[in-house]
Each structure stands twice: as C-alpha cells, then as structure tokens.
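Read through the structure below, which is laid out as structure tokens, and then see the notes.
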Amino acid sequence: MKSLTKITLASMLFICTTFTQSQTISTHEEMPLAPNSYWNGSSNPMGTTFTSGNAIFPNMYDTSWGGFWASGFAYSNLKDSITPGFANLYAARTAGGYNGSDHYAIAQQNAIIKLNGNAAGKVVNGFFVTNSTYAALSMRDGDMFSKKFGGVSGNDSDWFKLVVRKYYGGNLSADSVEFYLADYRFSNNAQDYILTMWEWVDITSLGNVDSLLFTLSSSDVGQWGMNTPAFFCMDNFTTADSGVGISEWKNKARITFFPNPVIDYLTIYLPQKTKSILQIFNNEGKLIYEEKIEEKSATVYLNKLNSGLYFLKIFDGENVYNEKFMKQ
C-alpha cells in the first residue's frame, strides 16, 4: 500500500514557482485590509475598481438607502464560516483564501473582470472558487427567502451554477464554462454537495479574452427571480499572459482515472510524466490524502475511506486538475 508522502514547504514552493512561470496570479494579498475586515467600495462610492495581478475588478457601492454594495467585486479576509444570513455577506465558507492565504474576492451576479497589461486580449487559465458563507448556509439549511436544498426528503434536484462567458473584440461570445457550486441532481443522495472548499475552474477553452462575465443561476426560483443568494468567492485568478487559438485550448489534455465509484483503489493517468502533487479532499473540504508523484500514473489505495463524495486535485507543471469521485 502506498503511504502518504508529506510535502515539505520547500518542495511546495519549488513546484508553485514552476506553476506560475509565464502567468500572473491575482492573489489580492497586496490589498490593504485590517484583520478580520472587508472592502466593499464604501470609501469610493458610485463606481470604482481595484486591481490585482493583470485583472481589473469593477465595484459599485450605492449611497442610497443608507449605502450598500450594489454590484461587481469586493475583497475580504473574514474567517466566519458559521454565521448565516445577509449580515455575513463578505465571508467565504472556507474561512479564508485559497491554500491558507488571508485575502480573497467576493462577487455578485453579473460581475465582470477586465484584463489589463500583458493579459489584455489573451488567455485566462482559470481561478479558484468557493461558496460564500451566506449562500452555502442558505442552501444547506434554508432561510426566510430560500429553500433548503434537497427539500424535506432530500430528493429535490436542486443546483446552484456559475457560468463564465467572455468578451473579445467588443462582442460577448456564446461560448461558456459552467461550474456547479452546489448539485443535488444525483440519484444517489450521498453524491449531493454544496461546495465548501476552493476548487479550480479551468476556462482556457474560452480562448483569447478582453473581459469576463460571471452569472449565477439556481433551481430555487420564485416570483421575483432567483432565491439562492447570488454571491460567490474567488481567489488566485490566473492569466496566461499569452494568446493562442481557441482550438488549441479545446484540445488540451486531461487526466483520466478509474474506477468511479471506487471500492478499494483509484488509478490515475496524467497527460505526461512530470512532477505533480496529488491531493484528495472530503466533502467538507478537509485534506485527507496528499502525495508527490513523478510518474505518468499513480495508484491510490482508498479502502479505509468512508462511503461518499470526494474531490481529487492534481497540480502538474502547467495545470491544476480537479475531479470528483465516489467511494462505495
């Protein structure tokens, strides 16, 4: 049985340095924030932006009705993952940024990111995403506006979805990348999930980009539109800073793995032989397995895991791969 390999900080830094070559990452760590606080544009109301990496994040804070964050992006270092409701609007369900960092961005319905500098008009690799605490707990428990996902029986086919589309040459493309922040459509309720960890969204298939549009939709819709709180959190928005043809990215290699569902072991094949980090998270976002691999394939024995949904993440020299699998 292959044992878990602990990865040292030095090796992590080496691999992360390799990943970020020819890329620019919007970490938001440079943004000024007091501990346990957030910025929502109230200091510069009625339209402003903030910049991190090669991305410009528009923000709109409306001064009417006492003032409120009206649209676009905010940023935060709040760590409250347990308080429900609108009063906890600026916190991530992960209780922090990606990979233990402090800062992250929060977005509303129809938020837009504009590319700047070397990234303008070129490819965006992707970003890490998770639910806001407000949206996650609303879906998990229900509230005065929104239903509990799954309903009383747990069998309702509920979902909460993020869609990313691009503007290029002044035109909004019909191409899109979809990502489910929550999904209760499985016939086996054990596979149902509300995202509580940071997960990578690969948008290289969109090709060259001037700006990106982010829209949210949900199965929970009422007379006045979507009932699910229309917010999500983002971190490590990563631009490739190079332009390529769309077809090149649509043909990009992926990992393969089997069996799914898993009984005893999971076999994983990478597109190429390279130094990689393999991680497995449970449905609560807790890291339960981690090893460093240097071959094109790996076999992980999982016979001691409980039944349920798990998340597989692999970092190689150029990409971050994210997959889901079931353990029987």
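Chains: A, B, ... in order of the structure tokens. Residues: from 1 per chain. Ligands: from 1, in order shown.
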Mind running stretch 218-283 of chain A against stretch 72-88 of chain A at 12 Å and telling me each contacting residue's nearest atom pair with the distance in Å (one decimal), counting only C-alpha atoms, chain and number ascending, as a Markdown table?
| residue | atom | partner | partner_atom | distance |
| --- | --- | --- | --- | --- |
| A:Thr228 | CA | A:Gly85 | CA | 11.6 |
| A:Pro229 | CA | A:Phe86 | CA | 8.7 |
| A:Ala230 | CA | A:Phe86 | CA | 11.1 |
| A:Phe231 | CA | A:Phe73 | CA | 9.8 |
| A:Phe232 | CA | A:Phe73 | CA | 9.9 |
| A:Cys233 | CA | A:Tyr75 | CA | 9.0 |
| A:Met234 | CA | A:Tyr75 | CA | 9.2 |
| A:Asp235 | CA | A:Tyr75 | CA | 9.8 |
- Task: Write out as a list in words the residues lying within 7 Å of A:Thr48, counting only C-alpha atoms and excluding same-chain residues fewer than 6 positions away.
- Result: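 Near A:Thr48, the qualifying residues are Pro58, Asn59 and Met60 of chain A.
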Written selection (N, CA and C atoms) as a PDB file, in the first residue's frame:
ATOM      1  N   PRO A  58     -14.169  45.663 -11.257  1.00  0.00           N
ATOM      2  CA  PRO A  58     -15.092  46.782 -11.025  1.00  0.00           C
ATOM      3  C   PRO A  58     -15.919  46.596  -9.765  1.00  0.00           C
ATOM      4  N   ASN A  59     -16.284  47.723  -9.155  1.00  0.00           N
ATOM      5  CA  ASN A  59     -17.089  47.729  -7.936  1.00  0.00           C
ATOM      6  C   ASN A  59     -18.056  48.894  -7.990  1.00  0.00           C
ATOM      7  N   MET A  60     -19.252  48.679  -7.446  1.00  0.00           N
ATOM      8  CA  MET A  60     -20.241  49.745  -7.353  1.00  0.00           C
ATOM      9  C   MET A  60     -20.851  49.734  -5.961  1.00  0.00           C
TER      10      MET A  60
END
- Taking into account only C-alpha atoms, which residue in the set A:Gly169, A:Pro259, A:Gly41, A:Pro35 is nearest to A:Gly121?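 Selected residue with least distance to A:Gly121: A:Gly169.
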- 8 Å contact set for stretch 272-281 of chain A, only C-alpha atoms, chain neighbours under 2 positions out, as an MDAnalysis selection string: chainID A and resid 15 270 283:297 310:317
- Give me every helix (DSSP H, G or I) residue in stretch 142-272 of chain A, going by DSSP on the backbone, as a list in words.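 Residues of stretch 142-272 of chain A classed as helix (DSSP H, G or I): Asn189, Ala190, Gln191, Thr204, Ser205, Leu206, Ile246, Ser247, Glu248, Trp249 and Lys250 of chain A.
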I need the chosen residues saved as a PDB file, in the first residue's frame, with C-alpha atoms.
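That gives us selection-v7.pdb:
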ATOM      1  CA  ASN A 189     -28.129  11.439  -2.362  1.00  0.00           C
ATOM      2  CA  ALA A 190     -24.671  10.671  -0.979  1.00  0.00           C
ATOM      3  CA  GLN A 191     -23.257  12.389  -4.056  1.00  0.00           C
ATOM      4  CA  THR A 204      -8.752  28.096 -21.122  1.00  0.00           C
ATOM      5  CA  SER A 205     -11.373  26.732 -23.548  1.00  0.00           C
ATOM      6  CA  LEU A 206     -12.711  30.293 -23.916  1.00  0.00           C
ATOM      7  CA  ILE A 246      -9.167  28.598 -29.227  1.00  0.00           C
ATOM      8  CA  SER A 247      -8.855  25.167 -30.833  1.00  0.00           C
ATOM      9  CA  GLU A 248      -5.512  24.616 -29.105  1.00  0.00           C
ATOM     10  CA  TRP A 249      -7.136  25.028 -25.686  1.00  0.00           C
ATOM     11  CA  LYS A 250     -10.223  22.973 -26.516  1.00  0.00           C
TER      12      LYS A 250
END
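Backbone DSSP over stretch 14-55 of chain A yields strand (DSSP E) at Thr24, Ile25, Ser26, Tyr38, Trp39, Thr48, Thr49, Phe50, Thr51, Ser52 and Ala55 of chain A.
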Same residues, C-alpha atoms, output as a PDB file, in the first residue's frame:
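After the write, out.pdb holds the following:
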ATOM      1  CA  THR A  24       0.153  36.330 -13.411  1.00  0.00           C
ATOM      2  CA  ILE A  25      -1.950  35.493 -10.357  1.00  0.00           C
ATOM      3  CA  SER A  26      -4.408  37.872  -8.695  1.00  0.00           C
ATOM      4  CA  TYR A  38     -13.501  43.668   4.160  1.00  0.00           C
ATOM      5  CA  TRP A  39     -13.622  46.358   1.469  1.00  0.00           C
ATOM      6  CA  THR A  48     -14.611  52.363  -8.798  1.00  0.00           C
ATOM      7  CA  THR A  49     -12.225  49.468  -9.470  1.00  0.00           C
ATOM      8  CA  PHE A  50      -9.412  47.623  -7.749  1.00  0.00           C
ATOM      9  CA  THR A  51      -6.545  45.825  -9.493  1.00  0.00           C
ATOM     10  CA  SER A  52      -4.689  42.663  -8.558  1.00  0.00           C
ATOM     11  CA  ALA A  55      -7.044  41.836 -13.653  1.00  0.00           C
TER      12      ALA A  55
END
Pick out the residues sitting within 12 Å of A:Ser64, and hand them over as a PDB file with C-alpha atoms, in the first residue's frame; count only C-alpha atoms, and ignore anything fewer than 5 positions along from it in its own chain.
ATOM      1  CA  SER A  42     -17.960  52.433   0.529  1.00  0.00           C
ATOM      2  CA  PRO A  45     -18.809  55.105  -3.809  1.00  0.00           C
ATOM      3  CA  MET A  46     -20.770  55.250  -7.057  1.00  0.00           C
ATOM      4  CA  TRP A  69     -22.678  47.126  -2.169  1.00  0.00           C
ATOM      5  CA  ALA A  70     -24.647  47.193  -5.404  1.00  0.00           C
TER       6      ALA A  70
END
- Message: Under the rule that only C-alpha atoms are counted, which of A:Asp156, A:Glu323, A:Asp183, A:Asp241 is the nearest residue to A:Asn260?
- Response: A:Glu323
Per-residue nearest contacts of stretch 122-203 of chain A to stretch 209-215 of chain A (12 Å; only C-alpha atoms) as a Markdown table:
| residue | atom | partner | partner_atom | distance |
| --- | --- | --- | --- | --- |
| A:Lys122 | CA | A:Val209 | CA | 5.2 |
| A:Val123 | CA | A:Val209 | CA | 5.9 |
| A:Val124 | CA | A:Val209 | CA | 7.1 |
| A:Asn125 | CA | A:Val209 | CA | 10.7 |
| A:Gly126 | CA | A:Leu212 | CA | 11.0 |
| A:Phe127 | CA | A:Leu212 | CA | 12.0 |
| A:Val129 | CA | A:Phe214 | CA | 11.9 |
| A:Phe160 | CA | A:Thr215 | CA | 10.8 |
| A:Lys161 | CA | A:Thr215 | CA | 8.3 |
| A:Leu162 | CA | A:Thr215 | CA | 5.8 |
| A:Val163 | CA | A:Thr215 | CA | 5.3 |
| A:Val164 | CA | A:Phe214 | CA | 4.9 |
| A:Arg165 | CA | A:Leu213 | CA | 5.2 |
| A:Lys166 | CA | A:Leu212 | CA | 4.5 |
| A:Tyr167 | CA | A:Ser211 | CA | 5.2 |
| A:Tyr168 | CA | A:Asp210 | CA | 5.0 |
| A:Gly169 | CA | A:Asp210 | CA | 7.1 |
| A:Gly170 | CA | A:Asp210 | CA | 8.1 |
| A:Asn171 | CA | A:Asp210 | CA | 9.5 |
| A:Leu172 | CA | A:Leu213 | CA | 8.7 |
| A:Ser173 | CA | A:Val209 | CA | 9.8 |
| A:Ala174 | CA | A:Leu213 | CA | 11.5 |
| A:Asp175 | CA | A:Leu212 | CA | 11.4 |
| A:Ser176 | CA | A:Leu213 | CA | 9.7 |
| A:Val177 | CA | A:Phe214 | CA | 9.8 |
| A:Glu178 | CA | A:Thr215 | CA | 9.7 |
| A:Phe179 | CA | A:Thr215 | CA | 10.6 |
| A:Tyr180 | CA | A:Thr215 | CA | 11.8 |
| A:Ile203 | CA | A:Leu212 | CA | 10.2 |
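Interatomic distance, atom CA of A:Tyr90 against atom CA of A:Ser132: 7.3 Å.
What separates atom CA of A:Gln108 from atom CA of A:Trp224 is a distance of 17.0 Å.
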- Interatomic distance (Å, one decimal) between atom CA of A:Asn131 and atom CA of A:Lys147: 16.5 Å
- Task: Excluding A:Pro261 and any residue of its chain fewer than 2 positions from it, enumerate the residues within 9 Å of it, using only C-alpha atoms, and give them as a list in words.
- Result: Phe258, Pro259, Ile263, Phe325, Met326, Lys327 and Gln328 of chain A
- Item | Counting only C-alpha atoms, the option among A:Gln109, A:Asn188, A:Ser37, A:Thr63 closest to A:Leu216 |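 Once distances to A:Leu216 are computed over only C-alpha atoms, the minimum belongs to A:Gln109.
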- Item | From A:Tyr265, A:Phe237, A:Tyr98, A:Tyr321, residue lying nearest A:Tyr301 [only C-alpha atoms] |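 Closest candidate: A:Tyr265.
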- Best match for closeness to A:Leu181 among A:Val152, A:Leu309, A:Ala107, A:Ala135, counting only C-alpha atoms: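 Once distances to A:Leu181 are computed over only C-alpha atoms, the minimum belongs to A:Ala135.
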